[in-house]
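K.L.:
So that you have it, the file is structure-v5.txt, and it contains compact mmCIF, C-alpha atoms and all ligand atoms:
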# COMPACT_ATOMS: atom_id res chain seq x y z
CA MET A 67 -17.73 -10.93 -23.66
CA PHE A 68 -16.62 -8.39 -26.24
CA SER A 69 -15.38 -5.17 -24.72
CA GLU A 70 -13.67 -2.09 -26.10
CA ALA A 71 -12.23 -1.27 -22.69
CA PRO A 72 -8.60 -2.26 -22.14
CA LEU A 73 -8.09 -5.03 -19.63
CA LEU A 74 -6.64 -3.70 -16.38
CA VAL A 75 -4.46 -6.22 -14.57
CA GLY A 76 -2.79 -5.53 -11.22
CA LEU A 77 -0.12 -7.88 -9.87
CA GLU A 78 1.09 -7.96 -6.27
CA ILE A 79 4.12 -10.14 -5.62
CA GLY A 80 3.57 -10.46 -1.87
CA THR A 81 5.50 -12.29 0.82
CA SER A 82 2.59 -14.61 1.67
CA LYS A 83 0.80 -14.79 -1.65
CA ILE A 84 0.97 -13.67 -5.27
CA CYS A 85 -2.26 -12.00 -6.29
CA ALA A 86 -3.43 -10.86 -9.73
CA ALA A 87 -6.60 -8.78 -10.13
CA VAL A 88 -8.30 -8.38 -13.53
CA GLY A 89 -10.77 -5.59 -14.15
CA GLU A 90 -12.05 -3.07 -16.62
CA GLU A 91 -13.34 0.48 -16.54
CA ASN A 92 -16.26 1.96 -18.39
CA ASP A 93 -16.06 5.40 -19.99
CA ARG A 94 -17.25 7.02 -16.74
CA GLY A 95 -14.22 5.57 -14.95
CA GLU A 96 -16.29 3.00 -13.00
CA PHE A 97 -14.23 -0.08 -12.25
CA THR A 98 -15.53 -3.66 -12.46
CA LEU A 99 -13.50 -6.53 -11.04
CA LEU A 100 -13.64 -9.52 -13.41
CA GLY A 101 -11.53 -11.98 -11.47
CA ILE A 102 -8.73 -12.68 -9.00
CA GLY A 103 -5.94 -15.23 -9.30
CA GLN A 104 -3.80 -16.32 -6.38
CA ALA A 105 -0.82 -18.53 -5.63
CA ARG A 106 1.16 -19.07 -2.45
CA SER A 107 4.42 -17.13 -2.48
CA ARG A 108 7.59 -19.16 -1.92
CA GLY A 109 10.35 -16.96 -3.34
CA VAL A 110 9.73 -13.64 -1.56
CA ARG A 111 11.02 -12.36 1.79
CA LYS A 112 9.98 -9.05 3.28
CA GLY A 113 8.43 -8.01 -0.03
CA GLU A 114 11.54 -8.72 -2.11
CA ILE A 115 12.34 -11.59 -4.47
CA VAL A 116 14.97 -13.92 -3.00
CA ASP A 117 14.31 -17.03 -5.11
CA PRO A 118 13.52 -15.87 -8.68
CA ALA A 119 12.75 -19.36 -10.04
CA LYS A 120 10.12 -20.11 -7.39
CA ALA A 121 8.71 -16.59 -7.55
CA GLN A 122 8.35 -16.86 -11.32
CA GLU A 123 6.55 -20.18 -11.05
CA ASP A 124 4.15 -18.71 -8.47
CA VAL A 125 3.51 -15.59 -10.59
CA ARG A 126 2.75 -17.82 -13.57
CA THR A 127 0.26 -19.81 -11.46
CA ALA A 128 -1.47 -16.68 -10.10
CA LEU A 129 -1.80 -15.18 -13.60
CA ALA A 130 -3.13 -18.45 -15.03
CA ASN A 131 -5.73 -18.59 -12.22
CA ALA A 132 -6.72 -14.98 -12.89
CA GLU A 133 -7.04 -15.69 -16.64
CA GLU A 134 -9.25 -18.66 -15.92
CA GLN A 135 -11.47 -16.83 -13.45
CA ALA A 136 -11.89 -13.74 -15.62
CA GLY A 137 -12.03 -15.65 -18.92
CA VAL A 138 -9.32 -13.49 -20.50
CA THR A 139 -5.75 -13.67 -21.77
CA ILE A 140 -3.29 -11.42 -19.96
CA GLY A 141 -0.68 -9.72 -22.16
CA ASN A 142 0.28 -6.76 -19.99
CA LEU A 143 -0.13 -5.62 -16.41
CA PHE A 144 0.60 -2.98 -13.79
CA LEU A 145 3.02 -4.14 -11.11
CA GLY A 146 3.07 -3.28 -7.40
CA VAL A 147 6.37 -2.73 -5.61
CA THR A 148 7.32 -2.71 -1.96
CA GLY A 149 10.23 -3.55 0.33
CA ARG A 150 12.26 -1.75 2.96
CA HIS A 151 14.13 0.12 0.20
CA VAL A 152 10.95 2.03 -0.74
CA GLU A 153 10.75 5.38 1.05
CA GLY A 154 8.55 8.43 0.88
CA PHE A 155 9.44 11.95 1.93
CA ASN A 156 8.29 15.52 1.51
CA ASN A 157 10.26 18.17 -0.28
CA VAL A 158 9.86 21.81 -1.32
CA GLY A 159 11.20 23.35 -4.52
CA MET A 160 11.49 27.13 -4.83
CA HIS A 161 11.80 29.44 -7.79
CA PRO A 162 11.77 33.24 -8.08
CA VAL A 163 9.09 34.72 -10.32
CA ALA A 164 11.15 35.71 -13.34
CA SER A 165 9.06 38.35 -15.16
CA ASP A 166 9.34 42.12 -14.44
CA ASP A 167 5.59 42.39 -13.76
CA ARG A 168 5.87 39.49 -11.20
CA LEU A 169 3.04 37.57 -12.89
CA VAL A 170 3.46 33.85 -12.19
CA THR A 171 3.86 31.81 -15.39
CA PRO A 172 3.48 28.04 -15.95
CA GLN A 173 7.27 27.95 -16.43
CA ASP A 174 7.85 29.40 -12.92
CA ILE A 175 5.74 26.60 -11.45
CA ALA A 176 7.43 23.96 -13.59
CA ASP A 177 10.85 25.26 -12.45
CA ALA A 178 9.83 25.16 -8.77
CA ALA A 179 8.52 21.60 -9.22
CA ALA A 180 11.71 20.55 -11.02
CA ASN A 181 13.72 21.91 -8.09
CA ALA A 182 11.55 19.90 -5.67
CA LYS A 183 12.32 16.75 -7.64
CA ALA A 184 16.05 17.52 -7.90
CA ILE A 185 16.77 15.82 -4.61
CA THR A 186 19.73 13.79 -3.63
CA LEU A 187 18.49 10.22 -3.51
CA PRO A 188 20.43 7.37 -1.92
CA ALA A 189 22.88 5.77 -4.40
CA GLU A 190 21.20 3.57 -7.03
CA HIS A 191 17.72 4.82 -6.10
CA THR A 192 15.15 5.91 -8.62
CA VAL A 193 11.96 7.99 -8.23
CA LEU A 194 8.78 5.89 -8.33
CA HIS A 195 6.28 8.74 -7.86
CA THR A 196 6.33 12.51 -7.48
CA ILE A 197 3.03 13.68 -6.11
CA ARG A 198 1.86 17.27 -5.79
CA GLN A 199 0.92 18.47 -2.34
CA ARG A 200 0.41 22.19 -2.81
CA VAL A 201 1.76 25.35 -4.45
CA CYS A 202 2.46 28.53 -2.47
CA ILE A 203 3.11 32.04 -3.74
CA ASP A 204 5.15 34.11 -1.27
CA GLY A 205 4.37 31.56 1.45
CA GLU A 206 0.58 31.56 0.93
CA GLU A 207 -1.09 28.37 -0.34
CA VAL A 208 -2.91 28.83 -3.64
CA VAL A 209 -6.08 26.76 -3.83
CA ASP A 210 -6.89 27.72 -7.42
CA ASP A 211 -4.79 28.22 -10.53
CA PRO A 212 -1.59 30.07 -9.50
CA VAL A 213 -0.81 31.11 -13.09
CA GLY A 214 -1.35 34.85 -13.49
CA MET A 215 -1.13 35.63 -9.78
CA VAL A 216 1.37 38.25 -8.65
CA GLY A 217 4.29 37.33 -6.41
CA HIS A 218 8.01 37.06 -5.91
CA LYS A 219 8.56 33.40 -5.08
CA VAL A 220 6.87 30.15 -6.10
CA GLU A 221 7.08 27.10 -3.81
CA ALA A 222 6.09 23.62 -4.99
CA HIS A 223 5.53 21.11 -2.17
CA VAL A 224 5.79 17.50 -3.32
CA HIS A 225 5.84 14.00 -1.89
CA VAL A 226 8.51 11.83 -3.48
CA ILE A 227 8.45 8.01 -3.30
CA HIS A 228 11.68 6.34 -4.35
CA GLY A 229 13.32 2.94 -4.16
CA SER A 230 16.33 0.91 -5.22
CA ALA A 231 16.42 0.76 -9.04
CA VAL A 232 17.74 -2.81 -9.00
CA ARG A 233 15.17 -4.08 -6.53
CA ILE A 234 12.37 -2.49 -8.52
CA GLN A 235 13.75 -3.98 -11.74
CA ASN A 236 13.88 -7.56 -10.36
CA PRO A 237 10.11 -8.18 -10.33
CA VAL A 238 9.76 -6.30 -13.64
CA ASN A 239 12.26 -8.66 -15.28
CA LEU A 240 10.54 -11.64 -13.73
CA VAL A 241 7.20 -10.69 -15.29
CA ARG A 242 8.76 -9.85 -18.66
CA ALA A 243 10.43 -13.28 -18.73
CA LEU A 244 6.88 -14.67 -18.88
CA SER A 245 6.37 -12.63 -22.10
CA ILE A 246 4.05 -10.22 -20.30
CA GLU A 247 4.52 -6.47 -20.65
CA VAL A 248 4.81 -4.33 -17.50
CA ASN A 249 2.98 -1.07 -18.28
CA HIS A 250 4.02 0.69 -15.10
CA THR A 251 5.09 0.11 -11.52
CA VAL A 252 3.22 1.51 -8.53
CA PHE A 253 3.97 1.58 -4.81
CA ASN A 254 1.65 -0.93 -3.10
CA GLY A 255 0.53 1.59 -0.47
CA LEU A 256 -0.72 4.02 -3.13
CA ALA A 257 -2.59 1.17 -4.77
CA ASP A 258 -4.29 0.25 -1.47
CA ALA A 259 -5.53 3.82 -1.12
CA GLN A 260 -7.05 3.69 -4.63
CA ALA A 261 -8.95 0.54 -3.71
CA VAL A 262 -10.26 1.29 -0.21
CA LEU A 263 -10.82 5.07 -0.08
CA THR A 264 -13.80 6.93 -1.50
CA PRO A 265 -13.26 10.43 -2.95
CA GLU A 266 -14.81 11.80 0.30
CA ASP A 267 -12.33 9.84 2.46
CA LYS A 268 -9.46 11.28 0.41
CA GLU A 269 -10.82 14.79 0.68
CA ASN A 270 -11.17 14.42 4.47
CA GLY A 271 -7.72 12.86 4.81
CA ALA A 272 -7.11 9.15 5.50
CA LEU A 273 -4.27 6.95 6.71
CA VAL A 274 -4.22 3.56 4.94
CA ILE A 275 -2.18 0.78 6.55
CA ASP A 276 -1.57 -2.60 4.87
CA ILE A 277 -0.20 -5.29 7.16
CA GLY A 278 1.03 -8.14 4.96
CA GLY A 279 3.24 -11.15 5.63
CA GLY A 280 6.68 -9.53 5.55
CA THR A 281 5.98 -5.81 5.18
CA THR A 282 3.62 -3.08 6.33
CA GLU A 283 2.93 -0.22 3.91
CA PHE A 284 1.28 3.06 4.85
CA VAL A 285 -0.01 6.08 2.95
CA PHE A 286 -1.54 9.25 4.37
CA GLN A 287 -3.64 10.70 1.56
CA GLN A 288 -5.35 14.08 1.55
CA GLY A 289 -7.24 15.13 -1.59
CA GLN A 290 -5.12 14.02 -4.54
CA GLY A 291 -1.96 14.67 -2.54
CA ILE A 292 0.08 12.33 -0.37
CA ARG A 293 1.20 13.72 2.99
CA GLN A 294 3.40 10.79 4.01
CA SER A 295 4.15 7.21 2.94
CA GLY A 296 6.55 4.38 3.62
CA VAL A 297 7.25 0.73 4.27
CA PHE A 298 8.39 -1.15 7.36
CA ALA A 299 9.83 -4.62 6.83
CA ILE A 300 7.69 -5.98 9.64
CA GLY A 301 4.45 -7.91 9.12
CA GLY A 302 2.36 -10.90 10.12
CA ASP A 303 5.33 -13.29 9.78
CA HIS A 304 7.15 -11.37 12.51
CA ILE A 305 4.14 -11.72 14.78
CA SER A 306 4.21 -15.50 14.19
CA ASN A 307 7.96 -15.52 14.81
CA ASP A 308 7.51 -13.68 18.11
CA ILE A 309 4.85 -16.23 19.13
CA ALA A 310 7.17 -19.11 18.17
CA ILE A 311 9.96 -17.69 20.34
CA GLY A 312 7.76 -16.54 23.22
CA LEU A 313 5.75 -19.76 23.50
CA LYS A 314 8.53 -22.13 22.33
CA LEU A 315 6.63 -23.42 19.29
CA ASN A 316 7.70 -24.13 15.75
CA LEU A 317 6.70 -21.53 13.15
CA GLY A 318 3.86 -23.57 11.66
CA MET A 319 2.25 -24.05 15.08
CA ALA A 320 2.74 -20.39 15.94
CA GLU A 321 1.06 -19.31 12.68
CA SER A 322 -1.97 -21.55 13.21
CA LEU A 323 -2.28 -20.54 16.88
CA LYS A 324 -2.21 -16.88 15.77
CA ILE A 325 -5.06 -17.49 13.30
CA LYS A 326 -7.10 -19.66 15.71
CA CYS A 327 -6.78 -17.82 19.04
CA GLY A 328 -4.93 -14.60 18.28
CA SER A 329 -5.98 -11.05 19.07
CA ALA A 330 -4.35 -7.64 19.08
CA VAL A 331 -5.80 -6.82 22.49
CA VAL A 332 -5.53 -8.54 25.85
CA ASP A 333 -8.99 -8.35 27.41
CA PRO A 334 -10.22 -9.81 30.72
CA SER A 335 -11.98 -12.68 28.87
CA CYS A 336 -8.64 -14.38 28.20
CA HIS A 337 -7.26 -14.22 31.76
CA GLY A 338 -6.36 -17.72 32.87
CA ARG A 339 -7.54 -19.25 29.56
CA ARG A 340 -5.32 -21.97 28.14
CA VAL A 341 -5.53 -23.82 24.80
CA PRO A 342 -4.04 -27.21 23.93
CA ILE A 343 -1.54 -27.32 21.08
CA GLY A 344 -0.83 -30.51 19.13
CA GLU A 345 2.39 -32.49 18.85
CA ASP A 346 4.84 -30.69 16.60
CA ASP A 347 6.96 -32.06 13.74
CA HIS A 348 9.76 -32.86 16.17
CA GLY A 349 7.51 -34.96 18.37
CA ILE A 350 7.26 -32.43 21.21
CA LYS A 351 4.22 -33.62 23.18
CA SER A 352 0.96 -31.75 23.25
CA ARG A 353 0.75 -29.09 25.94
CA GLU A 354 -1.28 -26.03 26.78
CA VAL A 355 -0.37 -22.41 26.24
CA SER A 356 -1.74 -19.28 27.82
CA VAL A 357 -4.07 -17.28 25.54
CA GLU A 358 -3.25 -14.17 27.55
CA HIS A 359 0.47 -14.67 26.89
CA LEU A 360 -0.21 -15.27 23.17
CA ARG A 361 -2.23 -12.08 22.84
CA ARG A 362 0.23 -10.03 24.84
CA ILE A 363 3.01 -11.04 22.44
CA MET A 364 0.83 -10.09 19.46
CA SER A 365 -0.31 -6.77 20.88
CA VAL A 366 3.26 -5.66 21.65
CA ARG A 367 4.40 -6.27 18.06
CA ILE A 368 1.33 -4.74 16.42
CA GLN A 369 1.51 -1.70 18.70
CA GLU A 370 5.17 -1.28 17.68
CA ILE A 371 4.16 -1.27 13.99
CA PHE A 372 1.46 1.35 14.61
CA GLU A 373 3.79 3.53 16.70
CA LEU A 374 6.44 3.47 13.95
CA ILE A 375 3.83 4.67 11.46
CA ALA A 376 2.52 7.36 13.83
CA GLU A 377 6.09 8.61 14.32
CA ARG A 378 6.74 8.77 10.55
CA CYS A 379 3.43 10.54 9.97
CA SER A 380 4.27 13.18 12.55
CA GLU A 381 7.23 14.26 10.36
CA GLY A 382 6.01 17.31 8.51
CA CYS A 383 2.27 16.69 8.93
CA PHE A 384 -0.37 16.18 11.57
CA LEU A 385 -2.15 12.89 11.92
CA ASP A 386 -5.27 14.48 13.36
CA GLU A 387 -5.78 15.93 9.86
CA ALA A 388 -6.67 12.38 8.75
CA ARG A 389 -10.30 13.18 9.52
CA ALA A 390 -11.68 10.10 7.72
CA GLY A 391 -9.47 8.08 10.06
CA VAL A 392 -7.35 4.97 9.68
CA PHE A 393 -8.15 2.20 7.15
CA LEU A 394 -6.63 -1.22 7.84
CA CYS A 395 -6.06 -3.72 5.03
CA GLY A 396 -3.78 -6.64 4.12
CA GLY A 397 -4.11 -10.06 5.76
CA GLY A 398 -3.20 -8.51 9.13
CA ALA A 399 -6.55 -6.70 9.13
CA HIS A 400 -8.15 -10.09 9.96
CA ILE A 401 -6.54 -10.07 13.42
CA PRO A 402 -9.37 -9.67 15.94
CA GLY A 403 -9.15 -6.45 17.95
CA ILE A 404 -6.66 -4.81 15.57
CA ASP A 405 -9.08 -1.90 15.05
CA VAL A 406 -9.30 -1.38 18.84
CA LEU A 407 -5.52 -1.29 19.17
CA ALA A 408 -5.18 1.07 16.18
CA GLN A 409 -7.75 3.39 17.74
CA ARG A 410 -5.72 3.47 20.99
CA VAL A 411 -2.51 4.40 19.18
CA PHE A 412 -3.80 6.85 16.56
CA HIS A 413 -6.77 8.36 18.45
CA LEU A 414 -8.71 8.36 15.17
CA PRO A 415 -11.73 6.44 13.89
CA VAL A 416 -10.59 3.08 12.49
CA THR A 417 -12.19 1.14 9.61
CA LEU A 418 -11.49 -2.45 8.60
CA ALA A 419 -11.14 -1.63 4.92
CA THR A 420 -12.93 -3.20 1.98
CA CYS A 421 -12.66 -2.26 -1.68
CA ARG A 422 -15.06 0.61 -2.35
CA ASN A 423 -16.77 2.06 -5.42
CA ILE A 424 -15.95 -1.12 -7.34
CA THR A 425 -18.44 -3.52 -8.94
CA GLY A 426 -17.81 -7.26 -8.71
CA ASN A 427 -18.11 -10.25 -6.42
CA SER A 428 -18.85 -8.70 -3.03
CA THR A 429 -17.10 -11.45 -1.04
CA THR A 430 -13.90 -10.94 -3.01
CA LEU A 431 -14.11 -7.17 -2.63
CA SER A 432 -14.46 -7.51 1.15
CA HIS A 433 -11.17 -9.45 1.53
CA PRO A 434 -8.61 -6.95 2.88
CA GLU A 435 -5.70 -9.00 1.48
CA PHE A 436 -6.89 -8.35 -2.11
CA SER A 437 -6.93 -4.55 -1.81
CA THR A 438 -3.40 -4.09 -3.18
CA ALA A 439 -3.85 -6.11 -6.39
CA ILE A 440 -7.27 -4.55 -7.01
CA GLY A 441 -5.86 -1.09 -6.28
CA ILE A 442 -2.98 -1.67 -8.71
CA ALA A 443 -5.46 -2.54 -11.48
CA ARG A 444 -7.48 0.56 -10.60
CA TYR A 445 -4.38 2.72 -10.62
CA GLY A 446 -3.73 1.30 -14.10
CA GLY A 447 -7.12 2.62 -15.21
CA MET A 448 -6.32 6.06 -13.81
CA ARG A 449 -2.99 6.15 -15.63
CA LEU A 450 -4.53 5.15 -18.94
CA ARG A 451 -7.32 7.69 -18.47
CA GLY A 452 -5.06 10.49 -17.25
CA ARG A 453 -5.22 11.95 -13.78
CA PRO A 454 -8.41 13.44 -12.34
CA ARG A 455 -8.54 17.17 -12.96
CA PRO A 456 -6.38 18.87 -10.34
CA ARG A 457 -7.50 21.99 -8.53
CA PHE A 458 -5.20 24.02 -10.71
CA ASN A 459 -3.79 23.39 -14.10
CA LEU A 460 -0.54 21.60 -13.43
CA ARG A 461 -1.17 18.61 -15.68
CA ASP A 462 2.27 18.81 -17.26
CA VAL A 463 4.09 19.36 -14.01
CA PHE A 464 2.53 16.60 -11.92
CA PRO A 465 0.85 13.97 -14.09
CA PHE A 466 -1.18 11.69 -11.86
CA PHE A 467 1.08 9.76 -9.48
CA ARG A 468 3.95 9.74 -11.90
N1 LIG B 501 -7.22 -14.48 10.57
C1 LIG B 501 -5.97 -14.03 10.66
N2 LIG B 501 -5.42 -13.73 11.86
C2 LIG B 501 -4.16 -13.31 11.96
N3 LIG B 501 -3.33 -13.08 10.90
C3 LIG B 501 -3.81 -13.36 9.67
C4 LIG B 501 -5.14 -13.84 9.47
N4 LIG B 501 -5.32 -14.01 8.14
C5 LIG B 501 -4.15 -13.67 7.54
N5 LIG B 501 -3.24 -13.28 8.45
C6 LIG B 501 -1.85 -12.87 8.23
O1 LIG B 501 -1.76 -11.98 7.15
C7 LIG B 501 -0.47 -12.11 6.53
C8 LIG B 501 -0.63 -12.22 5.05
O2 LIG B 501 -1.23 -11.04 4.58
P1 LIG B 501 -1.22 -10.68 3.02
O3 LIG B 501 -1.79 -9.32 2.89
O4 LIG B 501 -1.90 -11.75 2.25
O5 LIG B 501 0.34 -10.72 2.76
P2 LIG B 501 1.25 -10.32 1.51
O6 LIG B 501 0.50 -9.30 0.73
O7 LIG B 501 2.50 -9.80 2.12
O8 LIG B 501 1.49 -11.57 0.72
C9 LIG B 501 0.17 -13.38 7.12
O9 LIG B 501 1.16 -13.02 8.05
C10 LIG B 501 -1.00 -14.06 7.81
O10 LIG B 501 -0.59 -14.80 8.93
MG MG B 502 0.43 -7.30 0.50
For this file, produce the structure as structure tokens.
Ligand SMILES: Nc1ncnc2c1ncn2[C@@H]1O[C@H](COP(=O)(O)OP(=O)(O)O)[C@@H](O)[C@H]1O
Ligand SMILES: [Mg+2]

P.N.:
Amino acid sequence: MFSEAPLLVGLEIGTSKICAAVGEENDRGEFTLLGIGQARSRGVRKGEIVDPAKAQEDVRTALANAEEQAGVTIGNLFLGVTGRHVEGFNNVGMHPVASDDRLVTPQDIADAAANAKAITLPAEHTVLHTIRQRVCIDGEEVVDDPVGMVGHKVEAHVHVIHGSAVRIQNPVNLVRALSIEVNHTVFNGLADAQAVLTPEDKENGALVIDIGGGTTEFVFQQGQGIRQSGVFAIGGDHISNDIAIGLKLNLGMAESLKIKCGSAVVDPSCHGRRVPIGEDDHGIKSREVSVEHLRRIMSVRIQEIFELIAERCSEGCFLDEARAGVFLCGGGAHIPGIDVLAQRVFHLPVTLATCRNITGNSTTLSHPEFSTAIGIARYGGMRLRGRPRPRFNLRDVFPFFR
């Protein structure tokens, strides 16, 4: 198929799997998914590369699979990043209105924004994204263009996402060693939001949570702004580990028991229910385990993850402003009852997320574990196209998700 549109490739180097999504956008910005390539991930722990040789082999396999499925050759891509080193926080930059007539100029706003970005980051950290939240003149939020308004003080509120420069560079180098160009890096949580939220969800405010193998990412988006974001180095692997310890099983058995009989809620139907488990690699004889015990272990860990996110989101913003509710994605979204547990913790409507406003194979788009790679590719399209028009003209100050 001949197409003028640039190929948009998103790569997620996950703890459980490597996933590459290939798509393209038409001139109206509508995204079509052309293919997905996957490989198991053997060189990544908690979202970070620990065995570069294995990780590189797996990335090569995932990209080759994506090329085959989409019928394309991949020469460049957008790369997702995560890991416990990635952090998001809110900051405010202030600047006095310089002119005698107190008319706000673009330079005043740019200076306030620069002050908001001039934060002291942890040593060796670099800024991944600076995202506009709002601009205030003399403490009042300006919903339109602040240039030309009268005031004494400009305040730029921003959300900054940063991470360790070295740990961000590792996956970039790994991809480049395969002779593939990395156009840009993006925080996985932001990418998820691009894949699973509609413009209406964003406008209403939505909390997106991605529970993967070794990490959980979250982003609270409102309009084009980000209210809060972050990563916890806890995921599905920790749930399996808890099961292995609690029920005295090896990790492989714990993982398959989780998939077969697991749930995030302990309901009356599982009281007294027991399931047989096979002989393990060490010859431990088959025995039965309590389904209630299994689910209790799972619900405690998942509740802990949700409570950590709720606590982080309560810093500087209010979760009940996420009026579109909570959107769950990543492989962890497959856990039965996870939406019920999320509803109990967040007291918000909960949606098991699928990729929205995207054309392509509907089965693929409904897999919550593909949302990050697809969202990265979509983010790539937004970057190439330039950000959607903001409510006021701050294009030069806050280019889209810089
Ligand atoms: N049906 C299921 N029930 C419980 N957990 C599941 C299920 N399917 C996948 N998972 C878990 O999801 C995690 C992998 O999610 P994924 O988003 O693919 O991870 P990553 O992006 O970190 O590679 C694993 O911990 C896996 O056990
Ligand atoms: Mg993931």

K.L.:
Do you know which residues are within 12 Å of ligand MG 502 (chain B) using only C-alpha atoms and all ligand atoms? Can you write them as number ranges by chain?

P.N.:
A: 77-86, 107, 110-114, 146-149, 253-258, 275-284, 297, 299-302, 394-399, 433-442

K.L.:
Restricting the calculation to all atoms listed in the file: of A:Leu323, A:Ala443, A:Ala176, A:Val209, which residue gets closest to ligand LIG 501 (chain B)?

P.N.:
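Of the candidates, the smallest distance to ligand LIG 501 (chain B) is held by A:Leu323.
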
K.L.:
For ligand LIG 501 (chain B), which of A:Gly446, A:Gly159, A:Pro342, A:Gly328 is the closest residue, counting all atoms listed in the file?

P.N.:
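Among A:Gly446, A:Gly159, A:Pro342, A:Gly328, it is A:Gly328 that comes nearest to ligand LIG 501 (chain B).
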
K.L.:
Name all residues at most 10 Å from Asp333 in chain A (count all atoms listed in the file; drop same-chain ones fewer than 5 positions away) and give them as an mmCIF file with C-alpha atoms, in the coordinates of the input.

P.N.:
data_model
loop_
_atom_site.group_PDB
_atom_site.id
_atom_site.type_symbol
_atom_site.label_atom_id
_atom_site.label_comp_id
_atom_site.auth_asym_id
_atom_site.auth_seq_id
_atom_site.Cartn_x
_atom_site.Cartn_y
_atom_site.Cartn_z
ATOM 1 C CA GLU A 358 -3.250 -14.170 27.550
ATOM 2 C CA ARG A 361 -2.230 -12.080 22.840
ATOM 3 C CA ARG A 362 0.230 -10.030 24.840
ATOM 4 C CA GLY A 403 -9.150 -6.450 17.950
#

K.L.:
For CA of Asn423 in chain A and CA of Pro265 in chain A, determine how far apart the two atoms are, in Å to one decimal place.

P.N.:
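These atoms are spaced 9.4 Å apart.
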
K.L.:
Using 6 Å of padding on each side, determine the axis-aligned box around all atoms of range 194-204 of chain A present in the file and give its centre and edge lengths in Å to one decimal, as lines of an AutoDock Vina configuration file.

P.N.:
center_x = 4.6
center_y = 20.0
center_z = -4.8
size_x = 20.4
size_y = 40.2
size_z = 19.1

K.L.:
Find, counting only C-alpha atoms and all ligand atoms, the residue in A:Ile309, A:Val208, A:Leu244, A:Ala376 that gets nearest to ligand LIG 501 (chain B).

P.N.:
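The closest residue to ligand LIG 501 (chain B) is A:Ile309.
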
K.L.:
At what distance in Å, to one decimal, does CA of Leu385 in chain A lie from CA of Asn270 in chain A?

P.N.:
11.8 Å

K.L.:
Have a look at CA of Gly426 in chain A and CA of Asn92 in chain A and let me know their distance in Å, one decimal.

P.N.:
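These atoms are spaced 13.5 Å apart.
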
K.L.:
Have a look at A:Cys327, A:Ala272, A:Ile203, A:Val125 and name the one nearest to ligand LIG 501 (chain B); count only C-alpha atoms and all ligand atoms.

P.N.:
A:Cys327

K.L.:
I need the residue nearest ligand LIG 501 (chain B) from this list: A:Glu91, A:Asp124, A:Glu387, A:Asp167. Use only C-alpha atoms and all ligand atoms for the distance.

P.N.:
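For ligand LIG 501 (chain B), the nearest of the candidates is A:Asp124.
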
K.L.:
Could you list, as an mmCIF file with C-alpha atoms, in the frame of the given file, every residue within 9 Å of range 215-218 of chain A, counting all atoms listed in the file and ignoring same-chain residues fewer than 4 positions away?

P.N.:
data_model
loop_
_atom_site.group_PDB
_atom_site.id
_atom_site.type_symbol
_atom_site.label_atom_id
_atom_site.label_comp_id
_atom_site.auth_asym_id
_atom_site.auth_seq_id
_atom_site.Cartn_x
_atom_site.Cartn_y
_atom_site.Cartn_z
ATOM 1 C CA HIS A 161 11.800 29.440 -7.790
ATOM 2 C CA PRO A 162 11.770 33.240 -8.080
ATOM 3 C CA VAL A 163 9.090 34.720 -10.320
ATOM 4 C CA ALA A 164 11.150 35.710 -13.340
ATOM 5 C CA ASP A 167 5.590 42.390 -13.760
ATOM 6 C CA ARG A 168 5.870 39.490 -11.200
ATOM 7 C CA LEU A 169 3.040 37.570 -12.890
ATOM 8 C CA VAL A 170 3.460 33.850 -12.190
ATOM 9 C CA THR A 171 3.860 31.810 -15.390
ATOM 10 C CA ILE A 203 3.110 32.040 -3.740
ATOM 11 C CA ASP A 204 5.150 34.110 -1.270
ATOM 12 C CA ASP A 211 -4.790 28.220 -10.530
#

K.L.:
Which residues are near Glu207 in chain A? Cut-off 12 Å, all atoms listed in the file, ignore same chain within fewer than 3 positions. Put them as a list in words.

P.N.:
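Using all atoms listed in the file, the neighbours found are Gln199, Arg200, Val201, Cys202, Ile203, Asp204, Asp210, Asp211, Pro212, Met215, Lys219, Val220, Glu221, Ala222, His223 and Phe458 of chain A.
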
K.L.:
Return range 111-117 of chain A, completed with N, CA and C atoms, as a PDB file, in the frame of the given file.

P.N.:
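Below is the file result17.pdb, written as the result:
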ATOM      1  N   ARG A 111      10.830 -12.659   0.357  1.00  0.00           N
ATOM      2  CA  ARG A 111      11.020 -12.360   1.790  1.00  0.00           C
ATOM      3  C   ARG A 111      10.915 -10.856   1.973  1.00  0.00           C
ATOM      4  N   LYS A 112      10.141 -10.466   2.962  1.00  0.00           N
ATOM      5  CA  LYS A 112       9.980  -9.050   3.280  1.00  0.00           C
ATOM      6  C   LYS A 112       9.694  -8.206   2.028  1.00  0.00           C
ATOM      7  N   GLY A 113       8.864  -8.752   1.158  1.00  0.00           N
ATOM      8  CA  GLY A 113       8.430  -8.010  -0.030  1.00  0.00           C
ATOM      9  C   GLY A 113       9.407  -8.031  -1.189  1.00  0.00           C
ATOM     10  N   GLU A 114      10.547  -8.725  -1.026  1.00  0.00           N
ATOM     11  CA  GLU A 114      11.540  -8.720  -2.110  1.00  0.00           C
ATOM     12  C   GLU A 114      11.838 -10.135  -2.577  1.00  0.00           C
ATOM     13  N   ILE A 115      12.119 -10.265  -3.886  1.00  0.00           N
ATOM     14  CA  ILE A 115      12.340 -11.590  -4.470  1.00  0.00           C
ATOM     15  C   ILE A 115      13.712 -12.119  -4.036  1.00  0.00           C
ATOM     16  N   VAL A 116      13.703 -13.306  -3.419  1.00  0.00           N
ATOM     17  CA  VAL A 116      14.970 -13.920  -3.000  1.00  0.00           C
ATOM     18  C   VAL A 116      15.217 -15.231  -3.749  1.00  0.00           C
ATOM     19  N   ASP A 117      14.160 -15.812  -4.304  1.00  0.00           N
ATOM     20  CA  ASP A 117      14.310 -17.030  -5.110  1.00  0.00           C
ATOM     21  C   ASP A 117      13.530 -16.817  -6.411  1.00  0.00           C
TER      22      ASP A 117
END
